[in-house]
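Novice: Please find coords-v3.txt (compact mmCIF, C-alpha atoms) on the next line:
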# COMPACT_ATOMS: atom_id res chain seq x y z
CA MET A 1316 38.79 22.08 5.70
CA ILE A 1317 35.88 22.92 3.37
CA GLY A 1318 37.55 25.84 1.64
CA LYS A 1319 35.35 28.52 3.27
CA ASN A 1320 36.34 31.20 5.75
CA ALA A 1321 35.30 31.08 9.41
CA SER A 1322 32.62 33.75 8.95
CA TYR A 1323 30.75 31.42 6.55
CA LEU A 1324 30.13 28.91 9.37
CA GLN A 1325 29.60 31.58 12.01
CA GLN A 1326 26.87 33.23 9.92
CA PHE A 1327 25.24 29.86 9.26
CA ILE A 1328 25.13 29.03 12.99
CA LYS A 1329 24.25 32.47 14.39
CA LYS A 1330 22.21 34.09 11.59
CA GLY A 1331 20.96 31.17 9.52
CA SER A 1332 22.64 32.49 6.40
CA PRO A 1333 22.97 30.67 4.11
CA LYS A 1334 19.67 28.95 4.88
CA LYS A 1335 21.29 25.59 4.19
CA LEU A 1336 24.81 24.36 3.68
CA GLU A 1337 25.91 22.96 0.35
CA GLU A 1338 25.58 19.18 0.40
CA VAL A 1339 29.31 18.48 0.09
CA ASP A 1340 30.09 20.99 2.90
CA ARG A 1341 27.38 19.58 5.16
CA SER A 1342 28.64 16.03 4.63
CA ALA A 1343 32.26 16.93 5.39
CA LEU A 1344 31.33 18.90 8.51
CA ALA A 1345 29.06 16.14 9.83
CA ARG A 1346 31.87 13.61 9.49
CA PHE A 1347 34.36 15.98 11.15
CA PHE A 1348 32.10 16.73 14.14
CA GLY A 1349 30.72 13.18 14.35
CA VAL A 1350 27.09 14.27 14.05
CA GLU A 1351 24.19 13.39 11.78
CA GLU A 1352 23.80 15.60 8.70
CA SER A 1353 20.26 16.38 9.88
CA GLU A 1354 21.80 18.39 12.74
CA LEU A 1355 23.35 20.60 10.08
CA GLY A 1356 20.14 21.12 8.14
CA LYS A 1357 19.63 17.98 6.04
CA ALA A 1358 15.99 16.89 6.01
CA LYS A 1359 15.48 13.58 7.78
CA GLU A 1360 14.17 10.87 5.54
CA ASN A 1361 11.52 8.62 6.98
CA TYR A 1362 12.71 5.15 6.06
CA ASP A 1363 10.13 3.52 8.32
CA ALA A 1364 7.18 4.73 6.26
CA ALA A 1365 5.98 2.29 3.64
CA PRO A 1366 6.94 3.50 0.17
CA ALA A 1367 4.15 4.51 -2.15
CA TRP A 1368 4.01 2.20 -5.14
CA VAL A 1369 2.09 2.71 -8.33
CA GLY A 1370 0.93 -0.14 -10.53
CA VAL A 1371 1.46 0.47 -14.25
CA PRO A 1372 -0.61 -1.77 -16.53
CA ARG A 1373 1.22 -4.33 -18.68
CA LEU A 1374 -0.47 -4.64 -22.04
CA THR A 1375 -0.68 -7.76 -24.20
CA VAL A 1376 0.34 -5.86 -27.32
CA GLY A 1377 4.04 -5.95 -28.07
CA ALA A 1378 6.05 -3.27 -29.83
CA SER A 1379 8.00 -4.77 -32.65
CA ALA A 1380 11.67 -4.01 -32.88
CA GLY A 1381 11.72 -5.73 -36.23
CA PRO A 1382 9.29 -5.97 -39.13
CA GLY A 1383 6.21 -5.04 -37.08
CA ALA A 1384 3.63 -6.42 -34.68
CA HIS A 1385 -0.04 -6.27 -35.53
CA ALA A 1386 -2.14 -4.07 -33.31
CA GLY A 1387 -5.26 -5.56 -31.85
CA ASP A 1388 -7.23 -5.16 -28.71
CA GLU A 1389 -4.71 -4.29 -26.03
CA GLU A 1390 -5.60 -6.13 -22.85
CA VAL A 1391 -4.10 -5.63 -19.42
CA PHE A 1392 -2.50 -8.83 -18.12
CA GLY A 1393 -0.74 -7.55 -15.02
CA THR A 1394 1.12 -4.61 -13.59
CA LEU A 1395 4.66 -3.42 -13.00
CA ARG A 1396 5.09 -1.48 -9.80
CA PHE A 1397 7.15 1.70 -9.63
CA SER A 1398 7.94 4.05 -6.78
CA ALA A 1399 5.57 7.03 -6.88
CA ARG A 1400 8.47 9.23 -5.81
CA TRP A 1401 10.61 8.02 -8.73
CA LEU A 1402 7.80 8.58 -11.22
CA ARG A 1403 7.32 12.14 -9.90
CA SER A 1404 11.06 12.81 -10.11
CA MET A 1405 10.94 11.75 -13.77
CA GLY A 1406 7.97 14.06 -14.42
CA LEU A 1407 5.72 11.11 -15.26
CA SER A 1408 1.97 10.82 -14.62
CA PRO A 1409 1.09 7.22 -13.66
CA GLU A 1410 -2.26 7.32 -15.46
CA MET A 1411 -0.46 8.05 -18.76
CA LEU A 1412 1.91 5.05 -18.51
CA SER A 1413 1.79 1.50 -19.79
CA ALA A 1414 4.32 -1.29 -20.05
CA ILE A 1415 4.76 -3.43 -23.15
CA THR A 1416 7.20 -6.07 -24.30
CA VAL A 1417 9.73 -5.56 -27.10
CA SER A 1418 9.62 -8.17 -29.82
CA GLY A 1419 12.49 -8.53 -32.30
CA ASP A 1420 16.07 -7.31 -32.67
CA SER A 1421 15.93 -4.09 -34.70
CA MET A 1422 16.59 -1.88 -31.67
CA GLU A 1423 19.55 -3.89 -30.37
CA PRO A 1424 21.72 -3.16 -28.49
CA THR A 1425 19.49 -0.53 -26.82
CA LEU A 1426 16.36 -2.67 -26.59
CA ARG A 1427 16.44 -6.45 -26.79
CA HIS A 1428 13.79 -9.02 -27.58
CA GLY A 1429 11.80 -9.60 -24.37
CA ASP A 1430 12.66 -6.28 -22.70
CA GLU A 1431 9.81 -4.49 -20.93
CA ILE A 1432 9.47 -0.82 -21.82
CA LEU A 1433 7.58 1.92 -20.03
CA VAL A 1434 5.66 4.08 -22.49
CA ASP A 1435 4.54 7.61 -21.59
CA SER A 1436 1.49 8.48 -23.69
CA GLU A 1437 1.06 12.01 -22.31
CA TRP A 1438 0.95 14.44 -25.22
CA GLN A 1439 4.17 16.39 -25.73
CA PRO A 1440 5.56 18.27 -28.69
CA LEU A 1441 7.22 15.78 -31.00
CA ARG A 1442 10.93 15.37 -30.30
CA ASP A 1443 13.64 12.98 -31.28
CA GLY A 1444 13.89 9.81 -29.20
CA ILE A 1445 12.63 6.26 -28.93
CA HIS A 1446 8.87 6.04 -29.42
CA VAL A 1447 6.17 3.45 -29.88
CA VAL A 1448 4.26 4.27 -33.05
CA ARG A 1449 1.47 2.75 -35.12
CA LEU A 1450 2.14 2.66 -38.86
CA ASP A 1451 -0.86 1.26 -40.72
CA ASP A 1452 -1.89 -1.69 -38.52
CA THR A 1453 1.62 -2.28 -37.18
CA VAL A 1454 2.98 -1.26 -33.78
CA LEU A 1455 6.69 -0.43 -33.86
CA VAL A 1456 9.32 0.75 -31.39
CA LYS A 1457 11.79 2.99 -33.25
CA ARG A 1458 13.87 6.11 -32.96
CA LEU A 1459 11.73 8.92 -34.27
CA GLY A 1460 13.42 11.82 -35.98
CA SER A 1461 12.05 14.76 -37.89
CA VAL A 1462 13.28 15.24 -41.44
CA GLY A 1463 11.31 18.45 -42.03
CA ALA A 1464 8.16 19.42 -43.92
CA GLY A 1465 5.87 17.03 -42.00
CA ARG A 1466 8.10 14.02 -42.60
CA VAL A 1467 9.70 11.70 -40.07
CA VAL A 1468 12.20 8.89 -40.14
CA LEU A 1469 11.74 5.75 -38.06
CA SER A 1470 15.21 4.34 -37.40
CA SER A 1471 16.49 1.16 -35.82
CA ASP A 1472 19.63 0.94 -33.69
CA ASN A 1473 20.55 -2.32 -35.44
CA PRO A 1474 22.22 -1.36 -38.75
CA ALA A 1475 20.74 -4.46 -40.43
CA TYR A 1476 17.40 -2.62 -40.60
CA ARG A 1477 16.76 0.23 -43.02
CA PRO A 1478 15.14 3.47 -41.86
CA ILE A 1479 11.52 4.11 -42.78
CA THR A 1480 10.73 7.62 -43.99
CA CYS A 1481 7.07 8.58 -43.98
CA GLY A 1482 4.71 11.47 -43.49
CA LEU A 1483 3.84 12.46 -39.95
CA ALA A 1484 0.17 12.00 -40.86
CA GLU A 1485 0.88 8.31 -41.69
CA ILE A 1486 1.80 7.40 -38.10
CA VAL A 1487 0.16 7.57 -34.72
CA VAL A 1488 2.61 8.28 -31.92
CA ILE A 1489 1.48 6.06 -29.07
CA GLY A 1490 4.11 7.34 -26.66
CA ARG A 1491 7.71 7.96 -25.76
CA VAL A 1492 9.80 5.18 -24.21
CA VAL A 1493 11.01 6.43 -20.82
CA TRP A 1494 12.38 3.26 -19.15
CA LYS A 1495 13.42 -0.27 -20.01
CA GLY A 1496 13.94 -3.41 -18.01
CA GLY A 1497 15.23 -6.76 -19.08
CA ARG A 1498 17.81 -9.46 -18.70
CA ILE A 1499 21.48 -8.67 -18.31
Show me, as structure tokens, the structure contained in the file I just sent.
Specialist:
Amino acid sequence: MIGKNASYLQQFIKKGSPKKLEEVDRSALARFFGVEESELGKAKENYDAAPAWVGVPRLTVGASAGPGAHAGDEEVFGTLRFSARWLRSMGLSPEMLSAITVSGDSMEPTLRHGDEILVDSEWQPLRDGIHVVRLDDTVLVKRLGSVGAGRVVLSSDNPAYRPITCGLAEIVVIGRVVWKGGRI
């Protein structure tokens, strides 16, 4: 039924080898025998326990997906709550996160005007992706790509906007965009 010989199951039951069944095998066997998967080694999940939620600050500054938003004093005006388990699974540290609102259409269709984005400001080696950056006094959300020799290109997903090529020293990388939420 699962494509394994009889000794595979016999060794699992009598000797505990393998230590756990493959998920697809465990699921099929549980259905066949009419038992819970936990009886075949799946860890029971405690659905009764209250989930751990983490509040991520929402900042008043917006990231412009357009010509630019002026940076000022970023104030917290609320929080977005995320599952602590989900944040851990994404490798994110809650204290390094903030949420800001996208303003403009330069990153459409990926990011739309009014979308909330989760920005991870934990330092990482620079890599291609969508980032929030400060260029002069302007906060932008753009695709950041390296063009070599200390130069980067800030690109929009909307072809109506031209890429901006500048020196890496001319920008401050505020953080990498790791999540978005918005209207459908």
Novice: Give me the residues near range 1435-1445 of chain A as a VMD selection string, where near means some atom within 12 Å (using only C-alpha atoms) and where sequence neighbours in that chain fewer than 5 positions away do not count.
Specialist: chain A and resid 1371 to 1372 1378 1380 1402 1405 to 1415 1422 1425 to 1426 1455 to 1462 1465 to 1472 1483 1487 to 1495
Novice: Expressed in Å to a single decimal, how great is the separation between CA of Glu1431 in chain A and CA of Gly1497 in chain A?
Specialist: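 Those two atoms sit 6.2 Å apart.
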Novice: CA of Glu1390 in chain A to CA of Cys1481 in chain A: how many Å, to one decimal?
Specialist: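 Interatomic distance here is 28.7 Å.
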Novice: Mind pulling up the distance from CA of Thr1416 in chain A to CA of Gly1496 in chain A?
Specialist: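 Computed distance, CA of Gly1496 in chain A to CA of Thr1416 in chain A, equals 9.6 Å.
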Novice: Tell me which of A:Gly1349, A:Pro1333, A:Gly1370, A:Gly1429 sits closest to Ile1499 in chain A, counting only C-alpha atoms.
Specialist: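 Selected residue with least distance to Ile1499 in chain A: A:Gly1429.
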Novice: May I have the protein, DNA and RNA residues with an atom at most 12 Å from (26.3, 14.1, 2.3), counting all atoms listed in the file in the file's coordinates, returned as a tab-separated table (two decimals) with C-alpha atoms, keeping the file's coordinate frame?
Specialist:
chain	number	residue	atom	x	y	z
A	1336	LEU	CA	24.81	24.36	3.68
A	1337	GLU	CA	25.91	22.96	0.35
A	1338	GLU	CA	25.58	19.18	0.40
A	1339	VAL	CA	29.31	18.48	0.09
A	1340	ASP	CA	30.09	20.99	2.90
A	1341	ARG	CA	27.38	19.58	5.16
A	1342	SER	CA	28.64	16.03	4.63
A	1343	ALA	CA	32.26	16.93	5.39
A	1344	LEU	CA	31.33	18.90	8.51
A	1345	ALA	CA	29.06	16.14	9.83
A	1346	ARG	CA	31.87	13.61	9.49
A	1350	VAL	CA	27.09	14.27	14.05
A	1351	GLU	CA	24.19	13.39	11.78
A	1352	GLU	CA	23.80	15.60	8.70
A	1353	SER	CA	20.26	16.38	9.88
A	1355	LEU	CA	23.35	20.60	10.08
A	1356	GLY	CA	20.14	21.12	8.14
A	1357	LYS	CA	19.63	17.98	6.04
A	1358	ALA	CA	15.99	16.89	6.01
Novice: Can you fill out range 1399-1410 of chain A with all heavy atoms and hand it back as a PDB file, in the coordinates of the input?
Specialist:
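This is the output file result33.pdb:
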ATOM      1  N   ALA A1399       6.255   5.780  -6.529  1.00  0.00           N
ATOM      2  CA  ALA A1399       5.570   7.030  -6.880  1.00  0.00           C
ATOM      3  C   ALA A1399       6.548   8.191  -6.856  1.00  0.00           C
ATOM      4  O   ALA A1399       6.489   9.089  -7.700  1.00  0.00           O
ATOM      5  CB  ALA A1399       4.404   7.287  -5.930  1.00  0.00           C
ATOM      6  N   ARG A1400       7.470   8.166  -5.899  1.00  0.00           N
ATOM      7  CA  ARG A1400       8.470   9.230  -5.810  1.00  0.00           C
ATOM      8  C   ARG A1400       9.348   9.267  -7.065  1.00  0.00           C
ATOM      9  O   ARG A1400       9.637  10.312  -7.606  1.00  0.00           O
ATOM     10  CB  ARG A1400       9.351   9.040  -4.577  1.00  0.00           C
ATOM     11  CG  ARG A1400      10.425  10.125  -4.468  1.00  0.00           C
ATOM     12  CD  ARG A1400      11.480   9.832  -3.457  1.00  0.00           C
ATOM     13  NE  ARG A1400      10.951   9.752  -2.121  1.00  0.00           N
ATOM     14  CZ  ARG A1400      11.643   9.320  -1.078  1.00  0.00           C
ATOM     15  NH1 ARG A1400      12.885   8.923  -1.233  1.00  0.00           N
ATOM     16  NH2 ARG A1400      11.116   9.272   0.102  1.00  0.00           N
ATOM     17  N   TRP A1401       9.770   8.083  -7.529  1.00  0.00           N
ATOM     18  CA  TRP A1401      10.610   8.020  -8.730  1.00  0.00           C
ATOM     19  C   TRP A1401       9.848   8.532  -9.948  1.00  0.00           C
ATOM     20  O   TRP A1401      10.386   9.293 -10.747  1.00  0.00           O
ATOM     21  CB  TRP A1401      11.114   6.600  -8.956  1.00  0.00           C
ATOM     22  CG  TRP A1401      11.997   6.493 -10.164  1.00  0.00           C
ATOM     23  CD1 TRP A1401      13.307   6.850 -10.251  1.00  0.00           C
ATOM     24  CD2 TRP A1401      11.619   6.015 -11.456  1.00  0.00           C
ATOM     25  NE1 TRP A1401      13.768   6.625 -11.531  1.00  0.00           N
ATOM     26  CE2 TRP A1401      12.751   6.115 -12.287  1.00  0.00           C
ATOM     27  CE3 TRP A1401      10.436   5.530 -11.992  1.00  0.00           C
ATOM     28  CZ2 TRP A1401      12.734   5.734 -13.626  1.00  0.00           C
ATOM     29  CZ3 TRP A1401      10.420   5.157 -13.321  1.00  0.00           C
ATOM     30  CH2 TRP A1401      11.562   5.255 -14.120  1.00  0.00           C
ATOM     31  N   LEU A1402       8.604   8.119 -10.088  1.00  0.00           N
ATOM     32  CA  LEU A1402       7.800   8.580 -11.220  1.00  0.00           C
ATOM     33  C   LEU A1402       7.673  10.103 -11.204  1.00  0.00           C
ATOM     34  O   LEU A1402       7.823  10.762 -12.231  1.00  0.00           O
ATOM     35  CB  LEU A1402       6.421   7.920 -11.222  1.00  0.00           C
ATOM     36  CG  LEU A1402       6.391   6.417 -11.522  1.00  0.00           C
ATOM     37  CD1 LEU A1402       4.985   5.872 -11.348  1.00  0.00           C
ATOM     38  CD2 LEU A1402       6.925   6.119 -12.903  1.00  0.00           C
ATOM     39  N   ARG A1403       7.409  10.670 -10.013  1.00  0.00           N
ATOM     40  CA  ARG A1403       7.320  12.140  -9.900  1.00  0.00           C
ATOM     41  C   ARG A1403       8.639  12.792 -10.275  1.00  0.00           C
ATOM     42  O   ARG A1403       8.672  13.806 -10.964  1.00  0.00           O
ATOM     43  CB  ARG A1403       6.931  12.548  -8.474  1.00  0.00           C
ATOM     44  CG  ARG A1403       5.462  12.516  -8.191  1.00  0.00           C
ATOM     45  CD  ARG A1403       5.114  13.205  -6.873  1.00  0.00           C
ATOM     46  NE  ARG A1403       5.898  12.748  -5.738  1.00  0.00           N
ATOM     47  CZ  ARG A1403       5.616  11.678  -4.988  1.00  0.00           C
ATOM     48  NH1 ARG A1403       4.538  10.965  -5.257  1.00  0.00           N
ATOM     49  NH2 ARG A1403       6.376  11.339  -3.970  1.00  0.00           N
ATOM     50  N   SER A1404       9.760  12.222  -9.819  1.00  0.00           N
ATOM     51  CA  SER A1404      11.060  12.810 -10.110  1.00  0.00           C
ATOM     52  C   SER A1404      11.367  12.790 -11.610  1.00  0.00           C
ATOM     53  O   SER A1404      12.123  13.621 -12.103  1.00  0.00           O
ATOM     54  CB  SER A1404      12.178  12.093  -9.347  1.00  0.00           C
ATOM     55  OG  SER A1404      12.481  10.837  -9.926  1.00  0.00           O
ATOM     56  N   MET A1405      10.764  11.854 -12.322  1.00  0.00           N
ATOM     57  CA  MET A1405      10.940  11.750 -13.770  1.00  0.00           C
ATOM     58  C   MET A1405       9.921  12.597 -14.525  1.00  0.00           C
ATOM     59  O   MET A1405       9.928  12.641 -15.750  1.00  0.00           O
ATOM     60  CB  MET A1405      10.832  10.297 -14.215  1.00  0.00           C
ATOM     61  CG  MET A1405      11.881   9.376 -13.636  1.00  0.00           C
ATOM     62  SD  MET A1405      13.514   9.701 -14.301  1.00  0.00           S
ATOM     63  CE  MET A1405      13.311   9.120 -15.957  1.00  0.00           C
ATOM     64  N   GLY A1406       8.996  13.240 -13.788  1.00  0.00           N
ATOM     65  CA  GLY A1406       7.970  14.060 -14.420  1.00  0.00           C
ATOM     66  C   GLY A1406       6.906  13.239 -15.118  1.00  0.00           C
ATOM     67  O   GLY A1406       6.296  13.690 -16.087  1.00  0.00           O
ATOM     68  N   LEU A1407       6.660  12.022 -14.621  1.00  0.00           N
ATOM     69  CA  LEU A1407       5.720  11.110 -15.260  1.00  0.00           C
ATOM     70  C   LEU A1407       4.408  11.036 -14.488  1.00  0.00           C
ATOM     71  O   LEU A1407       4.412  11.014 -13.259  1.00  0.00           O
ATOM     72  CB  LEU A1407       6.326   9.716 -15.382  1.00  0.00           C
ATOM     73  CG  LEU A1407       7.637   9.637 -16.177  1.00  0.00           C
ATOM     74  CD1 LEU A1407       8.258   8.250 -16.041  1.00  0.00           C
ATOM     75  CD2 LEU A1407       7.394   9.983 -17.633  1.00  0.00           C
ATOM     76  N   SER A1408       3.305  10.982 -15.211  1.00  0.00           N
ATOM     77  CA  SER A1408       1.970  10.820 -14.620  1.00  0.00           C
ATOM     78  C   SER A1408       1.582   9.343 -14.738  1.00  0.00           C
ATOM     79  O   SER A1408       1.463   8.831 -15.857  1.00  0.00           O
ATOM     80  CB  SER A1408       0.949  11.664 -15.366  1.00  0.00           C
ATOM     81  OG  SER A1408       1.296  13.015 -15.321  1.00  0.00           O
ATOM     82  N   PRO A1409       1.378   8.654 -13.626  1.00  0.00           N
ATOM     83  CA  PRO A1409       1.090   7.220 -13.660  1.00  0.00           C
ATOM     84  C   PRO A1409      -0.062   6.837 -14.575  1.00  0.00           C
ATOM     85  O   PRO A1409      -0.019   5.809 -15.244  1.00  0.00           O
ATOM     86  CB  PRO A1409       0.776   6.870 -12.202  1.00  0.00           C
ATOM     87  CG  PRO A1409       1.475   7.913 -11.405  1.00  0.00           C
ATOM     88  CD  PRO A1409       1.437   9.161 -12.247  1.00  0.00           C
ATOM     89  N   GLU A1410      -1.096   7.665 -14.640  1.00  0.00           N
ATOM     90  CA  GLU A1410      -2.260   7.320 -15.460  1.00  0.00           C
ATOM     91  C   GLU A1410      -1.965   7.386 -16.956  1.00  0.00           C
ATOM     92  O   GLU A1410      -2.748   6.907 -17.769  1.00  0.00           O
ATOM     93  CB  GLU A1410      -3.458   8.210 -15.113  1.00  0.00           C
ATOM     94  CG  GLU A1410      -3.256   9.678 -15.368  1.00  0.00           C
ATOM     95  CD  GLU A1410      -2.511  10.432 -14.259  1.00  0.00           C
ATOM     96  OE1 GLU A1410      -2.090   9.818 -13.266  1.00  0.00           O
ATOM     97  OE2 GLU A1410      -2.340  11.641 -14.419  1.00  0.00           O
TER      98      GLU A1410
END
